[in-house]
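Data file: upload.csv. Format and content: CSV, C-alpha atoms and all ligand atoms.
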```
chain,number,residue,atom,x,y,z
A,4,MET,CA,0.0,0.0,0.0
A,5,ILE,CA,1.5,3.4,-1.0
A,6,GLY,CA,0.5,6.7,0.7
A,7,GLU,CA,-1.7,9.4,-0.8
A,8,GLN,CA,1.2,11.5,-2.0
A,9,GLN,CA,3.0,8.6,-3.6
A,10,SER,CA,-0.3,7.5,-5.2
A,11,GLU,CA,-0.8,11.0,-6.7
A,12,LYS,CA,2.8,10.9,-8.0
A,13,LYS,CA,2.2,7.5,-9.6
A,14,LEU,CA,-1.0,8.6,-11.3
A,15,ALA,CA,0.5,11.8,-12.6
A,16,GLY,CA,3.8,10.2,-13.6
A,17,GLU,CA,2.3,7.4,-15.5
A,18,GLU,CA,-0.3,9.5,-17.3
A,19,ALA,CA,2.4,11.6,-19.0
A,20,VAL,CA,3.5,8.5,-20.9
A,21,LYS,CA,0.4,8.8,-23.1
A,22,PHE,CA,2.0,11.8,-24.8
A,23,ILE,CA,4.9,9.6,-26.0
A,24,GLU,CA,4.9,8.1,-29.5
A,25,THR,CA,7.3,5.9,-31.4
A,26,GLY,CA,10.2,7.8,-33.0
A,27,MET,CA,10.3,10.5,-30.3
A,28,ILE,CA,13.4,11.8,-28.5
A,29,VAL,CA,12.2,12.2,-24.9
A,30,GLY,CA,13.8,14.3,-22.2
A,31,LEU,CA,13.8,12.4,-18.9
A,32,GLY,CA,13.6,14.5,-15.8
A,33,THR,CA,14.7,13.7,-12.2
A,34,GLY,CA,12.9,12.8,-9.0
A,35,SER,CA,10.4,10.5,-7.4
A,36,THR,CA,7.4,11.5,-9.6
A,37,VAL,CA,9.2,11.1,-13.0
A,38,ARG,CA,10.5,7.8,-11.7
A,39,TYR,CA,7.0,6.5,-12.3
A,40,THR,CA,7.0,7.9,-15.8
A,41,ILE,CA,10.3,6.2,-16.6
A,42,GLU,CA,9.1,2.9,-15.2
A,43,LYS,CA,5.9,3.1,-17.4
A,44,LEU,CA,7.9,4.1,-20.4
A,45,ALA,CA,10.1,1.0,-20.0
A,46,GLN,CA,7.0,-1.1,-19.8
A,47,ARG,CA,5.7,0.3,-23.1
A,48,ILE,CA,9.1,-0.2,-24.7
A,49,HIS,CA,9.2,-3.9,-23.7
A,50,ASN,CA,5.5,-4.8,-24.0
A,51,GLU,CA,4.3,-2.7,-26.9
A,52,GLY,CA,7.5,-2.2,-28.9
A,53,LEU,CA,7.5,1.6,-28.4
A,54,GLU,CA,10.7,2.9,-29.9
A,55,ILE,CA,12.1,6.1,-28.4
A,56,LYS,CA,15.4,7.5,-27.3
A,57,GLY,CA,15.7,9.2,-23.9
A,58,VAL,CA,17.9,12.2,-22.9
A,59,SER,CA,18.8,12.0,-19.2
A,60,THR,CA,19.0,15.0,-16.9
A,61,SER,CA,21.0,13.4,-14.0
A,62,THR,CA,23.2,10.5,-13.0
A,63,SER,CA,20.3,9.0,-11.1
A,64,THR,CA,18.0,9.1,-14.1
A,65,THR,CA,20.7,7.6,-16.3
A,66,ALA,CA,21.2,4.8,-13.9
A,67,LEU,CA,17.5,4.1,-13.6
A,68,SER,CA,17.0,4.2,-17.4
A,69,GLU,CA,19.9,1.9,-18.1
A,70,GLU,CA,18.7,-0.5,-15.5
A,71,LEU,CA,15.2,-0.6,-17.1
A,72,GLY,CA,16.6,-0.9,-20.7
A,73,ILE,CA,15.6,2.5,-22.0
A,74,PRO,CA,17.9,3.5,-24.9
A,75,LEU,CA,19.7,6.9,-24.1
A,76,LEU,CA,21.1,9.6,-26.3
A,77,SER,CA,23.6,12.2,-25.2
A,78,LEU,CA,22.3,15.8,-25.4
A,79,SER,CA,25.3,16.7,-27.5
A,80,ASP,CA,24.1,14.2,-30.2
A,81,THR,CA,20.7,15.9,-30.8
A,82,ASP,CA,19.6,19.4,-31.8
A,83,GLU,CA,16.0,19.0,-30.6
A,84,ILE,CA,14.0,17.0,-28.1
A,85,ASP,CA,10.4,16.2,-28.9
A,86,VAL,CA,9.0,16.2,-25.4
A,87,THR,CA,10.5,16.4,-21.9
A,88,ILE,CA,8.7,15.0,-18.8
A,89,ASP,CA,10.0,16.3,-15.4
A,90,GLY,CA,8.8,16.9,-11.9
A,91,ALA,CA,8.6,20.2,-10.0
A,92,ASP,CA,8.8,21.5,-6.4
A,93,GLU,CA,6.3,24.3,-6.8
A,94,ILE,CA,3.9,25.2,-9.7
A,95,ASP,CA,1.9,28.5,-9.9
A,96,PRO,CA,-1.3,29.2,-11.9
A,97,GLN,CA,0.7,30.4,-14.9
A,98,LEU,CA,2.6,27.1,-14.9
A,99,ASN,CA,5.8,28.8,-13.8
A,100,GLY,CA,7.7,26.8,-11.2
A,101,ILE,CA,10.6,26.1,-8.9
A,102,LYS,CA,12.8,23.0,-9.5
A,103,GLY,CA,16.1,21.7,-8.2
A,104,GLY,CA,15.0,20.1,-4.9
A,105,GLY,CA,16.8,17.1,-6.2
A,106,GLY,CA,19.8,19.2,-7.3
A,107,ALA,CA,19.5,18.5,-11.1
A,108,LEU,CA,18.3,22.0,-12.1
A,109,LEU,CA,21.1,22.8,-14.5
A,110,PHE,CA,20.8,19.8,-16.8
A,111,GLU,CA,17.0,20.0,-16.3
A,112,LYS,CA,16.9,23.6,-17.5
A,113,ILE,CA,19.2,22.9,-20.5
A,114,VAL,CA,17.1,19.9,-21.5
A,115,SER,CA,13.8,21.8,-21.1
A,116,ALA,CA,15.2,24.6,-23.3
A,117,THR,CA,16.0,22.1,-26.0
A,118,SER,CA,12.6,20.6,-25.9
A,119,LYS,CA,9.6,21.4,-28.2
A,120,LYS,CA,7.2,20.4,-25.5
A,121,ASN,CA,7.6,20.3,-21.7
A,122,ILE,CA,5.4,18.4,-19.3
A,123,TRP,CA,5.5,18.5,-15.6
A,124,VAL,CA,4.2,15.7,-13.4
A,125,ALA,CA,3.4,16.4,-9.7
A,126,ASP,CA,1.4,15.5,-6.7
A,127,SER,CA,-1.3,18.0,-5.7
A,128,GLY,CA,0.9,19.5,-2.9
A,129,LYS,CA,3.1,21.1,-5.5
A,130,ILE,CA,0.4,23.5,-6.7
A,131,VAL,CA,0.7,27.0,-5.1
A,132,SER,CA,-0.9,30.4,-5.7
A,133,LYS,CA,2.5,32.1,-5.5
A,134,LEU,CA,6.1,30.7,-5.8
A,135,GLY,CA,8.6,31.0,-2.9
A,136,ALA,CA,7.6,28.8,0.1
A,137,PHE,CA,9.9,26.1,-1.3
A,138,PRO,CA,13.5,27.2,-1.0
A,139,LEU,CA,14.8,28.4,-4.4
A,140,PRO,CA,18.0,26.5,-5.4
A,141,VAL,CA,20.9,28.5,-6.8
A,142,GLU,CA,23.8,26.4,-8.3
A,143,VAL,CA,27.2,28.1,-7.7
A,144,VAL,CA,30.7,27.4,-8.9
A,145,PRO,CA,32.8,26.4,-5.7
A,146,PHE,CA,35.4,29.0,-6.5
A,147,GLY,CA,32.9,31.9,-6.1
A,148,PHE,CA,30.8,30.3,-3.5
A,149,ARG,CA,31.7,32.6,-0.6
A,150,GLN,CA,31.3,35.8,-2.6
A,151,VAL,CA,27.9,34.7,-4.0
A,152,TYR,CA,26.7,33.7,-0.6
A,153,ASN,CA,27.7,37.1,0.9
A,154,THR,CA,26.0,39.0,-1.8
A,155,LEU,CA,22.8,36.9,-1.4
A,156,LYS,CA,22.9,37.5,2.3
A,157,SER,CA,23.4,41.3,1.9
A,158,GLU,CA,20.4,41.4,-0.4
A,159,ARG,CA,18.3,39.6,2.2
A,160,PHE,CA,17.6,36.5,0.2
A,161,ASN,CA,18.1,34.3,3.3
A,162,PRO,CA,20.7,32.0,1.8
A,163,VAL,CA,21.4,28.5,3.2
A,164,ALA,CA,24.3,26.4,1.9
A,165,ARG,CA,22.8,23.0,1.0
A,166,GLU,CA,24.3,20.0,2.9
A,167,THR,CA,23.6,16.3,3.0
A,168,ASP,CA,24.6,14.2,6.1
A,169,GLY,CA,26.6,17.2,7.4
A,170,LYS,CA,28.6,17.6,4.2
A,171,ARG,CA,28.4,20.1,1.3
A,172,TYR,CA,26.0,19.0,-1.3
A,173,VAL,CA,27.7,18.6,-4.7
A,174,THR,CA,25.8,18.5,-8.0
A,175,ASP,CA,26.4,16.2,-10.9
A,176,ASN,CA,28.5,19.0,-12.3
A,177,GLY,CA,30.7,19.4,-9.3
A,178,ASN,CA,29.0,22.6,-8.2
A,179,TRP,CA,27.5,23.6,-4.9
A,180,ILE,CA,23.9,24.8,-4.1
A,181,ILE,CA,22.6,27.7,-2.0
A,182,ASP,CA,18.9,27.5,-1.2
A,183,LEU,CA,17.1,30.9,-0.8
A,184,HIS,CA,14.4,31.0,1.8
A,185,LEU,CA,12.2,33.7,0.3
A,186,GLY,CA,8.7,32.9,1.6
A,187,LYS,CA,7.1,34.6,-1.5
A,188,ILE,CA,8.6,35.6,-4.8
A,189,HIS,CA,6.8,38.8,-6.0
A,190,ASP,CA,8.7,39.3,-9.3
A,191,PRO,CA,10.2,35.9,-10.5
A,192,VAL,CA,11.4,37.4,-13.8
A,193,ALA,CA,13.5,40.1,-12.1
A,194,LEU,CA,14.8,37.6,-9.5
A,195,GLU,CA,15.9,35.2,-12.2
A,196,SER,CA,17.8,37.9,-14.0
A,197,ARG,CA,19.4,39.2,-10.8
A,198,LEU,CA,20.6,35.7,-9.7
A,199,ASN,CA,21.9,34.7,-13.1
A,200,GLY,CA,23.7,38.0,-13.4
A,201,LEU,CA,25.9,37.3,-10.3
A,202,PRO,CA,29.4,36.0,-11.3
A,203,GLY,CA,29.8,32.5,-10.0
A,204,VAL,CA,26.1,31.6,-10.4
A,205,VAL,CA,25.6,28.8,-12.9
A,206,GLU,CA,21.8,28.5,-12.8
A,207,ASN,CA,18.8,29.0,-10.5
A,208,GLY,CA,15.7,26.9,-10.0
A,209,LEU,CA,13.1,29.3,-11.4
A,210,PHE,CA,11.5,27.7,-14.6
A,211,LEU,CA,9.5,30.5,-16.2
A,212,ASN,CA,7.4,30.2,-19.4
A,213,ARG,CA,8.9,26.8,-20.1
A,214,VAL,CA,6.2,24.3,-19.5
A,215,ASN,CA,3.2,23.6,-21.7
A,216,THR,CA,1.4,20.9,-19.8
A,217,VAL,CA,1.1,20.1,-16.1
A,218,ILE,CA,-0.3,16.8,-14.9
A,219,THR,CA,-1.4,16.4,-11.3
A,220,ALA,CA,-3.6,14.0,-9.4
A,221,LYS,CA,-5.9,14.3,-6.4
A,222,ASN,CA,-8.3,11.9,-4.7
A,223,GLY,CA,-7.7,9.4,-7.5
A,224,SER,CA,-8.5,11.8,-10.4
A,225,ILE,CA,-5.9,13.1,-12.9
A,226,LYS,CA,-5.9,16.8,-13.9
A,227,THR,CA,-4.1,17.9,-17.0
A,228,THR,CA,-3.6,21.7,-17.5
A,229,VAL,CA,-2.3,23.1,-20.7
A,230,THR,CA,-1.0,26.6,-21.6
A,231,SER,CA,0.5,28.2,-24.7
A,232,ASN,CA,4.0,28.6,-23.0
A,233,ASN,CA,6.9,27.6,-25.3
A,301,LIG,C1,15.2,17.7,-9.3
A,301,LIG,C2,13.8,18.3,-9.4
A,301,LIG,C3,12.6,17.4,-9.2
A,301,LIG,O1,11.9,17.3,-10.4
A,301,LIG,C4,11.8,18.0,-8.1
A,301,LIG,O2,12.6,18.2,-6.9
A,301,LIG,C5,10.5,17.2,-7.8
A,301,LIG,O3,10.9,16.0,-7.3
A,301,LIG,P1,9.8,14.9,-6.8
A,301,LIG,O4,9.1,14.4,-8.0
A,301,LIG,O5,10.6,13.8,-6.2
A,301,LIG,O6,8.9,15.6,-5.8
A,301,LIG,O7,13.7,19.4,-9.7
A,301,LIG,O8,16.2,18.6,-9.5
```

Please go through the file and, once you have read it, give me the structure as structure tokens.
Amino acid sequence: MIGEQQSEKKLAGEEAVKFIETGMIVGLGTGSTVRYTIEKLAQRIHNEGLEIKGVSTSTSTTALSEELGIPLLSLSDTDEIDVTIDGADEIDPQLNGIKGGGGALLFEKIVSATSKKNIWVADSGKIVSKLGAFPLPVEVVPFGFRQVYNTLKSERFNPVARETDGKRYVTDNGNWIIDLHLGKIHDPVALESRLNGLPGVVENGLFLNRVNTVITAKNGSIKTTVTSNN
């Protein structure tokens, strides 16, 4: 028996596979919701003969895809991805969001920018009226970490260096993460531009105007929301 949140993740994650057709190049996101997508995709490959190639966004997704027999393509070997399916940490009514709770924000953003269509899959707890309660991840080059941290602190962004088991969290790219405890983000566009303008910042977890379709689930029902975002 899985809990309510896991059951929502499973319903939403598996539903997204309906958008995948033979011949597609598919961006594979990272996290516990998209894990259900990847597992379902593997079932369709093995049971129905679905032919796709995946582009992975993290070492964990690469390992899972290889284990399940999903053929992978390196991002450097393709100019375009047909559709990317990924999770999110917060999603607002405009389908803007925060990602990077799992630390894969840089590759996730590059893959989403390469993708003609982007789908997010999420449990109902990820839907918010305004972004910012979830700490916003900022990926930083270790060389400039102290300077970026000090600037973020002086600008009252409430920075916290991410750690796991008492040690500095290191991304797949060898960078470090600072989580900003903002409460509410009033102007996400201005914030994204300010953060990415700081020397040493590689990327931030704001995903604005990137997602076309969000699939969530609640009380056993699936809800698919579509916008005209590119
Ligand atoms: C990883 C992410 C994840 O997609 C996000 O954290 C959601 O994860 P989950 O599906 O486990 O709730 O952005 O960098």

Could I get the residue neighbourhood of ligand LIG 301 (chain A) at 9 Å, counting all atoms listed in the file, as a compact mmCIF listing (two decimals) with C-alpha atoms, in the frame of the given file?
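Result written to selection.txt:
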```
# COMPACT_ATOMS: atom_id res chain seq x y z
CA LYS A 12 2.80 10.90 -8.00
CA GLY A 16 3.80 10.20 -13.60
CA GLY A 32 13.60 14.50 -15.80
CA THR A 33 14.70 13.70 -12.20
CA GLY A 34 12.90 12.80 -9.00
CA SER A 35 10.40 10.50 -7.40
CA THR A 36 7.40 11.50 -9.60
CA VAL A 37 9.20 11.10 -13.00
CA ARG A 38 10.50 7.80 -11.70
CA THR A 60 19.00 15.00 -16.90
CA SER A 61 21.00 13.40 -14.00
CA ASP A 89 10.00 16.30 -15.40
CA GLY A 90 8.80 16.90 -11.90
CA ALA A 91 8.60 20.20 -10.00
CA ASP A 92 8.80 21.50 -6.40
CA GLU A 93 6.30 24.30 -6.80
CA ILE A 101 10.60 26.10 -8.90
CA LYS A 102 12.80 23.00 -9.50
CA GLY A 103 16.10 21.70 -8.20
CA GLY A 104 15.00 20.10 -4.90
CA GLY A 105 16.80 17.10 -6.20
CA GLY A 106 19.80 19.20 -7.30
CA ALA A 107 19.50 18.50 -11.10
CA LEU A 108 18.30 22.00 -12.10
CA LEU A 109 21.10 22.80 -14.50
CA PHE A 110 20.80 19.80 -16.80
CA GLU A 111 17.00 20.00 -16.30
CA TRP A 123 5.50 18.50 -15.60
CA VAL A 124 4.20 15.70 -13.40
CA ALA A 125 3.40 16.40 -9.70
CA ASP A 126 1.40 15.50 -6.70
CA LYS A 129 3.10 21.10 -5.50
CA GLY A 208 15.70 26.90 -10.00
```

Excluding same-chain residues fewer than 5 positions from Val114 of chain A, what lies within 10 Å of it counting all atoms listed in the file, as a ChimeraX atom specification?
/A:29-32,58-60,78,83-84,86-87,108-109,121

Selected residue of minimal separation from Leu14 of chain A among A:Lys221, A:Arg165, A:Arg47, A:Lys56, counting all atoms listed in the file:
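That would be A:Lys221, the residue with the smallest distance to Leu14 of chain A.
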
Given all atoms listed in the file as the counted atoms, nearest of A:Asn199, A:Val205, A:Arg159, A:Arg149 to Gly177 of chain A:
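Under the stated criterion, the closest residue is A:Val205.
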
Would you work out the distance separating atom CA of Thr174 of chain A from atom CA of Val141 of chain A, expressed in Å to one decimal?
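Going from atom CA of Thr174 of chain A over to atom CA of Val141 of chain A covers 11.2 Å.
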
One decimal, Å: what's the distance from atom CA of Ser63 of chain A over to atom CA of Glu42 of chain A, could you say?
13.4 Å

So what do you get for atom CA of Ser115 of chain A versus atom CA of Asp85 of chain A, distance-wise?
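Distance between the two atoms: 10.2 Å.
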
From the list A:Asn176, A:Ile41, A:Glu17, A:Pro74, which residue is nearest Thr62 of chain A when using only C-alpha atoms?
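Of A:Asn176, A:Ile41, A:Glu17, A:Pro74, the one nearest Thr62 of chain A is A:Asn176, counting only C-alpha atoms.
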
Have a look at A:Gly52, A:Gly200, A:Gly147, A:Gly128 and name the one nearest to Gln8 of chain A; count only C-alpha atoms.
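Once distances to Gln8 of chain A are computed over only C-alpha atoms, the minimum belongs to A:Gly128.
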
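Candidate residues A:Ile218, A:Leu76, A:Val173, A:Ile28 were compared for distance to Ile94 of chain A, and the nearest is A:Ile218, using only C-alpha atoms.
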
Nearest residue to Asn215 of chain A out of A:Thr25, A:Ser231, A:Gln46, A:Thr65, using only C-alpha atoms?
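Using only C-alpha atoms, the shortest distance to Asn215 of chain A belongs to A:Ser231.
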